[in-house]
file protein38.cif (mmCIF, C-alpha atoms)
data_target
loop_
_atom_site.label_atom_id
_atom_site.label_comp_id
_atom_site.auth_asym_id
_atom_site.auth_seq_id
_atom_site.Cartn_x
_atom_site.Cartn_y
_atom_site.Cartn_z
CA GLY A 16 -3.96 -11.36 -14.45
CA GLU A 17 -1.32 -12.84 -12.23
CA SER A 18 2.23 -12.86 -13.45
CA VAL A 19 4.32 -15.97 -13.16
CA GLY A 20 7.99 -16.06 -12.43
CA LEU A 21 8.42 -12.72 -10.71
CA HIS A 22 10.65 -12.72 -7.70
CA LEU A 23 11.06 -10.00 -5.15
CA PRO A 24 14.63 -8.99 -4.36
CA THR A 25 15.57 -10.74 -1.16
CA LEU A 26 17.82 -9.60 1.65
CA SER A 27 18.90 -12.24 4.14
CA VAL A 28 20.43 -11.13 7.42
CA GLN A 29 21.43 -12.77 10.64
CA GLU A 30 19.42 -11.97 13.72
CA GLY A 31 21.02 -9.07 15.54
CA ASP A 32 22.71 -7.64 12.45
CA ASN A 33 21.72 -4.36 10.85
CA SER A 34 19.65 -4.40 7.66
CA ILE A 35 19.75 -1.86 4.86
CA ILE A 36 16.97 -1.89 2.30
CA ASN A 37 17.28 0.36 -0.72
CA CYS A 38 14.78 1.98 -3.01
CA ALA A 39 15.06 4.12 -6.12
CA TYR A 40 12.17 6.46 -6.74
CA SER A 41 11.09 7.90 -10.03
CA ASN A 42 9.59 11.34 -9.61
CA SER A 43 11.94 14.18 -8.74
CA ALA A 44 8.86 16.24 -7.83
CA SER A 45 7.81 13.84 -5.06
CA ASP A 46 7.97 15.56 -1.73
CA TYR A 47 7.09 12.84 0.73
CA PHE A 48 8.31 9.28 1.15
CA ILE A 49 7.16 6.43 3.31
CA TRP A 50 8.43 2.98 4.18
CA TYR A 51 5.89 0.23 4.72
CA LYS A 52 6.21 -3.28 6.07
CA GLN A 53 3.91 -5.95 4.69
CA GLU A 54 3.59 -9.35 6.25
CA SER A 55 2.18 -12.22 4.25
CA GLY A 56 -1.56 -11.88 3.67
CA LYS A 57 -1.81 -8.51 5.40
CA GLY A 58 -2.03 -4.87 4.43
CA PRO A 59 0.95 -2.51 4.53
CA GLN A 60 1.99 -1.20 7.91
CA PHE A 61 3.52 2.26 8.25
CA ILE A 62 7.11 2.25 9.50
CA ILE A 63 8.59 5.70 8.99
CA ASP A 64 8.29 8.66 6.69
CA ILE A 65 10.44 11.54 5.52
CA ARG A 66 9.82 14.78 3.72
CA SER A 67 11.95 16.00 0.85
CA ASN A 68 13.40 18.86 2.90
CA MET A 69 15.15 16.32 5.11
CA ASP A 70 17.88 13.79 4.37
CA LYS A 71 17.63 11.65 7.47
CA ARG A 72 15.02 10.69 10.00
CA GLN A 73 15.23 8.27 12.87
CA GLY A 74 12.65 6.20 14.62
CA GLN A 75 12.79 3.32 17.00
CA ARG A 76 15.40 0.95 15.56
CA VAL A 77 14.81 2.38 12.09
CA THR A 78 16.44 5.17 10.11
CA VAL A 79 15.43 6.48 6.72
CA LEU A 80 17.95 8.23 4.48
CA LEU A 81 16.96 10.30 1.48
CA ASN A 82 19.33 11.27 -1.32
CA LYS A 83 17.44 13.52 -3.68
CA THR A 84 20.41 13.96 -5.99
CA VAL A 85 20.24 10.36 -7.11
CA LYS A 86 16.60 9.78 -6.13
CA HIS A 87 17.47 7.11 -3.62
CA LEU A 88 15.87 6.12 -0.37
CA SER A 89 17.09 3.62 2.18
CA LEU A 90 15.71 2.02 5.30
CA GLN A 91 18.10 0.90 7.99
CA ILE A 92 16.90 -1.51 10.65
CA ALA A 93 19.13 -1.90 13.67
CA ALA A 94 19.51 -5.20 15.49
CA THR A 95 17.21 -7.03 13.10
CA GLN A 96 14.80 -9.44 14.77
CA PRO A 97 12.83 -12.42 13.43
CA GLY A 98 9.68 -10.33 13.64
CA ASP A 99 11.17 -7.97 11.08
CA SER A 100 10.84 -10.64 8.39
CA ALA A 101 8.44 -9.23 5.82
CA VAL A 102 8.32 -7.42 2.50
CA TYR A 103 9.32 -3.77 2.68
CA PHE A 104 8.03 -1.18 0.25
CA CYS A 105 8.99 2.41 -0.24
CA ALA A 106 6.31 4.75 -1.50
CA GLU A 107 6.47 8.25 -2.91
CA ASN A 108 3.81 10.87 -2.82
CA LYS A 109 3.09 12.34 -6.22
CA LEU A 110 2.11 15.93 -6.53
CA GLY A 111 -0.65 16.94 -8.84
CA GLY A 112 -4.37 17.31 -9.20
CA GLY A 113 -5.09 13.82 -7.96
CA GLY A 114 -3.58 14.72 -4.62
CA ASN A 115 -1.87 12.44 -2.15
CA LYS A 116 -1.54 9.44 -4.42
CA LEU A 117 1.14 7.03 -3.37
CA THR A 118 3.33 5.18 -5.85
CA PHE A 119 4.88 2.05 -4.43
CA GLY A 120 8.28 0.63 -5.24
CA THR A 121 8.82 -2.99 -6.18
CA GLY A 122 9.51 -4.20 -2.65
CA THR A 123 12.26 -6.16 -0.92
CA GLN A 124 11.78 -9.41 0.97
CA LEU A 125 13.69 -9.34 4.24
CA LYS A 126 14.51 -12.72 5.73
CA VAL A 127 15.99 -12.89 9.18
CA GLU A 128 18.00 -15.99 9.89
CA LEU A 129 18.40 -17.27 13.39
CA GLY B 2 -6.89 4.81 16.58
CA ALA B 3 -6.78 5.07 12.78
CA VAL B 4 -8.08 1.59 12.05
CA VAL B 5 -9.29 0.56 8.62
CA SER B 6 -11.21 -2.66 8.16
CA GLN B 7 -12.12 -4.64 5.07
CA HIS B 8 -14.84 -7.19 4.56
CA PRO B 9 -14.69 -9.91 3.56
CA SER B 10 -11.09 -10.88 4.22
CA ARG B 11 -11.32 -13.70 1.73
CA VAL B 12 -13.79 -14.57 -1.00
CA ILE B 13 -13.99 -17.37 -3.51
CA CYS B 14 -16.51 -17.08 -6.31
CA LYS B 15 -17.40 -18.55 -9.64
CA SER B 16 -16.51 -16.84 -12.86
CA GLY B 17 -19.16 -14.36 -13.95
CA THR B 18 -20.40 -13.41 -10.50
CA SER B 19 -20.01 -9.98 -8.96
CA VAL B 20 -18.17 -9.45 -5.70
CA LYS B 21 -18.46 -6.51 -3.34
CA ILE B 22 -15.65 -5.54 -0.98
CA GLU B 23 -16.20 -3.06 1.82
CA CYS B 24 -13.63 -0.69 3.29
CA ARG B 25 -14.44 1.08 6.53
CA SER B 26 -12.61 3.64 8.60
CA LEU B 27 -13.54 2.65 12.14
CA ASP B 28 -12.50 5.59 14.25
CA PHE B 29 -12.06 8.47 11.86
CA GLN B 30 -13.75 10.07 8.92
CA ALA B 31 -12.21 9.64 5.51
CA THR B 32 -13.01 12.02 2.70
CA THR B 33 -10.71 10.04 0.46
CA MET B 34 -10.14 6.32 0.16
CA PHE B 35 -7.85 4.50 -2.22
CA TRP B 36 -8.15 1.05 -3.76
CA TYR B 37 -5.10 -0.99 -4.66
CA ARG B 38 -4.57 -4.36 -6.29
CA GLN B 39 -1.63 -6.58 -5.54
CA PHE B 40 -0.65 -9.73 -7.42
CA PRO B 41 1.66 -12.31 -5.79
CA LYS B 42 5.22 -11.09 -5.29
CA GLN B 43 4.36 -7.75 -6.80
CA SER B 44 3.86 -4.26 -5.50
CA LEU B 45 0.63 -2.44 -4.76
CA MET B 46 -0.88 -0.82 -7.82
CA LEU B 47 -3.32 2.01 -7.32
CA MET B 48 -6.62 1.32 -9.05
CA ALA B 49 -8.70 4.32 -8.10
CA THR B 50 -9.20 7.18 -5.73
CA SER B 51 -12.58 7.30 -4.06
CA ASN B 52 -13.94 10.62 -2.85
CA GLU B 53 -16.96 10.83 -0.58
CA GLY B 54 -20.00 12.06 -2.45
CA SER B 55 -18.40 12.16 -5.87
CA LYS B 56 -17.28 9.85 -8.63
CA ALA B 57 -14.11 7.86 -8.23
CA THR B 58 -11.01 8.71 -10.22
CA TYR B 59 -9.57 5.68 -11.96
CA GLU B 60 -5.97 5.10 -12.89
CA GLN B 61 -5.05 4.52 -16.49
CA GLY B 62 -5.89 1.03 -17.64
CA VAL B 63 -8.44 0.30 -14.91
CA GLU B 64 -11.92 -0.37 -16.26
CA LYS B 65 -14.40 1.73 -14.35
CA ASP B 66 -17.31 -0.39 -15.55
CA LYS B 67 -15.69 -3.48 -14.14
CA PHE B 68 -14.44 -2.07 -10.86
CA LEU B 69 -17.32 -0.08 -9.48
CA ILE B 70 -16.54 2.18 -6.57
CA ASN B 71 -19.03 3.81 -4.26
CA HIS B 72 -18.03 6.12 -1.43
CA ALA B 73 -21.41 6.88 0.07
CA SER B 74 -20.31 8.03 3.50
CA LEU B 75 -17.25 9.35 5.28
CA THR B 76 -16.53 5.93 6.74
CA LEU B 77 -17.40 3.50 3.95
CA SER B 78 -16.22 2.83 0.43
CA THR B 79 -17.12 -0.24 -1.57
CA LEU B 80 -15.44 -1.87 -4.53
CA THR B 81 -17.57 -4.15 -6.68
CA VAL B 82 -15.83 -6.41 -9.15
CA ALA B 83 -18.45 -6.93 -11.82
CA SER B 84 -18.60 -10.26 -13.64
CA ALA B 85 -15.38 -11.44 -12.11
CA HIS B 86 -13.05 -13.70 -14.07
CA PRO B 87 -10.00 -15.72 -13.01
CA GLU B 88 -7.65 -12.94 -14.09
CA ASP B 89 -9.31 -10.70 -11.47
CA SER B 90 -8.03 -12.98 -8.72
CA SER B 91 -5.82 -10.80 -6.59
CA PHE B 92 -5.31 -9.18 -3.22
CA TYR B 93 -7.35 -5.98 -2.97
CA ILE B 94 -6.29 -3.42 -0.39
CA CYS B 95 -7.93 -0.16 0.55
CA SER B 96 -6.53 2.81 2.40
CA ALA B 97 -8.24 5.78 3.95
CA ARG B 98 -7.07 9.32 4.44
CA ASP B 99 -8.04 11.01 7.67
CA ARG B 100 -9.81 14.24 6.80
CA ARG B 101 -8.21 15.95 9.76
CA GLY B 102 -4.68 14.97 8.95
CA GLY B 103 -2.08 16.09 6.52
CA PHE B 104 -1.39 14.32 3.31
CA ASN B 105 0.62 11.72 5.15
CA GLU B 106 -2.34 10.43 7.10
CA GLN B 107 -3.21 7.39 4.97
CA PHE B 108 -4.06 4.15 6.73
CA PHE B 109 -4.31 0.73 5.12
CA GLY B 110 -6.83 -2.03 5.55
CA PRO B 111 -5.86 -5.70 5.98
CA GLY B 112 -6.74 -6.62 2.41
CA THR B 113 -9.24 -8.94 0.72
CA ARG B 114 -8.10 -12.04 -1.10
CA LEU B 115 -10.31 -12.66 -4.15
CA THR B 116 -10.15 -15.99 -5.90
CA VAL B 117 -12.26 -16.46 -9.01
CA LEU B 118 -12.72 -20.04 -10.13
#
call {"tool": "encode", "arguments": {"input": "protein38.cif", "output": "structure tokens"}}
result
Amino acid sequence: GESVGLHLPTLSVQEGDNSIINCAYSNSASDYFIWYKQESGKGPQFIIDIRSNMDKRQGQRVTVLLNKTVKHLSLQIAATQPGDSAVYFCAENKLGGGGNKLTFGTGTQLKVEL
Amino acid sequence: GAVVSQHPSRVICKSGTSVKIECRSLDFQATTMFWYRQFPKQSLMLMATSNEGSKATYEQGVEKDKFLINHASLTLSTLTVASAHPEDSSFYICSARDRRGGFNEQFFGPGTRLTVL
């Protein structure tokens, strides 16, 4: 059933500043990672992905960094805008017979202050 | 392209009734669809993997007799919550994998909010 009292980690930034959202993943065998943005009451929206043979990938206003040594992933958003306010999830792709299953991180609430 | 729809977007039902949620890939064919459940302020938890023409694969702890999945065509998967109870109230989200794409081609639906009274 629903859990009471859980709170997502929250990151508050000023409009125009850069945001850095962090994620620790669990499976050293994961070979593909994705960042998703989820607005309230909606499904996840793809932002950017990275494969394990890379350590950095850039998109429009976003950069993903991957540190496999410490199993850490980060999402950097440049010049954060009010429309960036949402919950951000990292997801890792698990290898194995099930194939292409995604495991989601706990999420971070990004709040952009005007 | 790559649009996934869900119907209904919101459903309220009485305890003990069954609820069916549809997930459709609108402009691509999906051999595999995934069903997730998300409680407030929590992450998405994979419930099951639905493969067209075969039985779904359920994650540990998910009751297959309660959450019935049917993937009858390459564009439609349904999740039926049998005899729903208040603890089943949640946000149910599906995703679909484009059969033409690599393993990164997984697209999410908008979700269905289920409230069981």
call {"tool": "resolve_selection", "arguments": {"input": "protein38.cif", "expression": "the PyMOL selection byres ((chain B) within 7 of (chain A))", "output": "NGL selection string"}}
result
:B and (40 or 42-45 or 88-89 or 94 or 104 or 109-112)
call {"tool": "atom_distance", "arguments": {"input": "protein38.cif", "atom1": "CA of Asp99 (chain B)", "atom2": "CA of Glu60 (chain B)"}}
result
21.5 Å
call {"tool": "atom_distance", "arguments": {"input": "protein38.cif", "atom1": "CA of His86 (chain B)", "atom2": "CA of Pro41 (chain B)"}}
result
16.9 Å
call {"tool": "resolve_selection", "arguments": {"input": "protein38.cif", "expression": "the PyMOL selection byres ((chain B and resi 92) around 6)", "output": "JSON list (two decimals) with C-alpha atoms, in the coordinates of the input"}}
result
[["chain", "number", "residue", "atom", "x", "y", "z"],
["B", 38, "ARG", "CA", -4.57, -4.36, -6.29],
["B", 39, "GLN", "CA", -1.63, -6.58, -5.54],
["B", 91, "SER", "CA", -5.82, -10.80, -6.59],
["B", 93, "TYR", "CA", -7.35, -5.98, -2.97],
["B", 113, "THR", "CA", -9.24, -8.94, 0.72],
["B", 114, "ARG", "CA", -8.10, -12.04, -1.10]]
call {"tool": "resolve_selection", "arguments": {"input": "protein38.cif", "expression": "the PyMOL selection byres ((chain B and resi 96) around 8)", "output": "list in words"}}
result
Val5, Cys24, Met34, Phe35, Trp36, Ile94, Cys95, Ala97, Arg98, Gln107, Phe108, Phe109 and Gly110 of chain B
call {"tool": "atom_distance", "arguments": {"input": "protein38.cif", "atom1": "CA of Leu26 (chain A)", "atom2": "CA of Ser45 (chain A)"}}
result
26.4 Å
call {"tool": "residues_around", "arguments": {"input": "protein38.cif", "residues": "Ser84 (chain B)", "least_positions_apart": "3", "cutoff": "12 Å", "atoms": "only C-alpha atoms", "output": "PyMOL selection string"}}
result
chain B and resi 14-21+66-69+81+87-90+117-118
call {"tool": "closest_residue", "arguments": {"input": "protein38.cif", "among": "A:Ala93, A:Ala101, A:Val127, A:Leu88", "to": "Ala39 (chain A)", "atoms": "all atoms listed in the file"}}
result
A:Leu88
call {"tool": "closest_residue", "arguments": {"input": "protein38.cif", "among": "A:Glu107, A:Thr25, A:Ile92, A:Asn37", "to": "Ile62 (chain A)", "atoms": "all atoms listed in the file"}}
result
A:Ile92
call {"tool": "residues_around", "arguments": {"input": "protein38.cif", "residues": "region 94-99 of chain A", "least_positions_apart": "3", "cutoff": "12 Å", "atoms": "only C-alpha atoms", "output": "PDB file with C-alpha atoms, in the coordinates of the input"}}
result
ATOM      1  CA  LEU A  26      17.820  -9.600   1.650  1.00  0.00           C
ATOM      2  CA  SER A  27      18.900 -12.240   4.140  1.00  0.00           C
ATOM      3  CA  VAL A  28      20.430 -11.130   7.420  1.00  0.00           C
ATOM      4  CA  GLN A  29      21.430 -12.770  10.640  1.00  0.00           C
ATOM      5  CA  GLU A  30      19.420 -11.970  13.720  1.00  0.00           C
ATOM      6  CA  GLY A  31      21.020  -9.070  15.540  1.00  0.00           C
ATOM      7  CA  ASP A  32      22.710  -7.640  12.450  1.00  0.00           C
ATOM      8  CA  ASN A  33      21.720  -4.360  10.850  1.00  0.00           C
ATOM      9  CA  SER A  34      19.650  -4.400   7.660  1.00  0.00           C
ATOM     10  CA  ILE A  35      19.750  -1.860   4.860  1.00  0.00           C
ATOM     11  CA  ILE A  36      16.970  -1.890   2.300  1.00  0.00           C
ATOM     12  CA  TYR A  51       5.890   0.230   4.720  1.00  0.00           C
ATOM     13  CA  LYS A  52       6.210  -3.280   6.070  1.00  0.00           C
ATOM     14  CA  GLN A  53       3.910  -5.950   4.690  1.00  0.00           C
ATOM     15  CA  GLU A  54       3.590  -9.350   6.250  1.00  0.00           C
ATOM     16  CA  GLN A  60       1.990  -1.200   7.910  1.00  0.00           C
ATOM     17  CA  ILE A  62       7.110   2.250   9.500  1.00  0.00           C
ATOM     18  CA  GLN A  75      12.790   3.320  17.000  1.00  0.00           C
ATOM     19  CA  ARG A  76      15.400   0.950  15.560  1.00  0.00           C
ATOM     20  CA  VAL A  77      14.810   2.380  12.090  1.00  0.00           C
ATOM     21  CA  GLN A  91      18.100   0.900   7.990  1.00  0.00           C
ATOM     22  CA  VAL A 102       8.320  -7.420   2.500  1.00  0.00           C
ATOM     23  CA  TYR A 103       9.320  -3.770   2.680  1.00  0.00           C
ATOM     24  CA  GLN A 124      11.780  -9.410   0.970  1.00  0.00           C
ATOM     25  CA  LEU A 125      13.690  -9.340   4.240  1.00  0.00           C
ATOM     26  CA  LYS A 126      14.510 -12.720   5.730  1.00  0.00           C
ATOM     27  CA  VAL A 127      15.990 -12.890   9.180  1.00  0.00           C
ATOM     28  CA  GLU A 128      18.000 -15.990   9.890  1.00  0.00           C
ATOM     29  CA  LEU A 129      18.400 -17.270  13.390  1.00  0.00           C
TER      30      LEU A 129
END
call {"tool": "closest_residue", "arguments": {"input": "protein38.cif", "among": "A:Leu90, A:Asn82, A:Ser43, A:Cys38", "to": "Ile63 (chain A)", "atoms": "only C-alpha atoms"}}
result
A:Leu90
call {"tool": "decode", "arguments": {"input": "protein38.cif", "residues": "region 17-95 of chain A", "atoms": "C-alpha atoms", "output": "compact mmCIF listing (two decimals), in the first residue's frame"}}
result
# COMPACT_ATOMS: atom_id res chain seq x y z
CA GLU A 17 1.00 3.62 0.09
CA SER A 18 3.79 4.63 2.40
CA VAL A 19 3.41 7.66 4.61
CA GLY A 20 6.16 10.04 5.51
CA LEU A 21 8.52 9.47 2.61
CA HIS A 22 10.10 12.55 1.17
CA LEU A 23 12.02 12.86 -2.03
CA PRO A 24 15.38 14.61 -1.79
CA THR A 25 14.84 18.16 -2.95
CA LEU A 26 17.16 20.47 -4.82
CA SER A 27 16.21 24.13 -4.91
CA VAL A 28 17.94 26.40 -7.40
CA GLN A 29 17.51 29.92 -8.61
CA GLU A 30 16.33 30.45 -12.13
CA GLY A 31 19.31 30.79 -14.42
CA ASP A 32 21.66 28.83 -12.18
CA ASN A 33 23.06 25.42 -13.06
CA SER A 34 21.59 22.33 -11.41
CA ILE A 35 23.40 19.12 -10.57
CA ILE A 36 21.37 16.07 -9.68
CA ASN A 37 23.17 12.99 -8.44
CA CYS A 38 22.38 9.32 -8.51
CA ALA A 39 24.11 6.23 -7.16
CA TYR A 40 23.38 3.03 -9.02
CA SER A 41 23.61 -0.46 -7.70
CA ASN A 42 24.62 -2.90 -10.40
CA SER A 43 28.19 -2.76 -11.64
CA ALA A 44 27.07 -4.91 -14.59
CA SER A 45 24.61 -2.29 -15.85
CA ASP A 46 25.66 -1.02 -19.22
CA TYR A 47 23.15 1.67 -20.00
CA PHE A 48 21.81 4.58 -17.98
CA ILE A 49 19.02 7.02 -18.58
CA TRP A 50 17.77 10.19 -16.93
CA TYR A 51 14.03 10.82 -16.88
CA LYS A 52 12.00 13.85 -15.94
CA GLN A 53 8.59 13.31 -14.38
CA GLU A 54 6.12 16.10 -13.90
CA SER A 55 3.30 15.71 -11.41
CA GLY A 56 0.67 13.25 -12.59
CA LYS A 57 2.52 12.33 -15.76
CA GLY A 58 4.70 9.52 -17.02
CA PRO A 59 8.50 9.75 -17.19
CA GLN A 60 9.97 11.72 -20.05
CA PHE A 61 13.33 10.75 -21.54
CA ILE A 62 16.03 13.39 -21.11
CA ILE A 63 19.38 11.85 -21.96
CA ASP A 64 21.14 8.52 -21.88
CA ILE A 65 24.68 7.22 -21.67
CA ARG A 66 26.34 3.89 -22.24
CA SER A 67 28.90 2.42 -19.89
CA ASN A 68 31.73 2.85 -22.39
CA MET A 69 31.37 6.62 -22.06
CA ASP A 70 31.90 8.95 -19.13
CA LYS A 71 30.21 12.06 -20.46
CA ARG A 72 27.46 12.92 -22.88
CA GLN A 73 25.95 16.26 -23.71
CA GLY A 74 22.56 17.27 -24.94
CA GLN A 75 20.74 20.52 -25.19
CA ARG A 76 21.32 22.25 -21.85
CA VAL A 77 21.93 18.89 -20.19
CA THR A 78 25.05 16.85 -19.52
CA VAL A 79 25.27 13.40 -18.01
CA LEU A 80 28.43 12.23 -16.27
CA LEU A 81 29.12 8.61 -15.45
CA ASN A 82 31.70 7.44 -12.93
CA LYS A 83 31.78 3.67 -13.04
CA THR A 84 34.47 3.43 -10.37
CA VAL A 85 32.10 4.67 -7.70
CA LYS A 86 28.88 3.79 -9.54
CA HIS A 87 27.74 7.37 -9.71
CA LEU A 88 25.72 9.23 -12.27
CA SER A 89 24.95 12.93 -12.43
CA LEU A 90 22.73 15.16 -14.49
CA GLN A 91 23.73 18.74 -15.03
CA ILE A 92 21.15 21.23 -16.26
CA ALA A 93 22.49 24.54 -17.49
CA ALA A 94 20.60 27.79 -17.00
CA THR A 95 17.78 26.12 -15.10
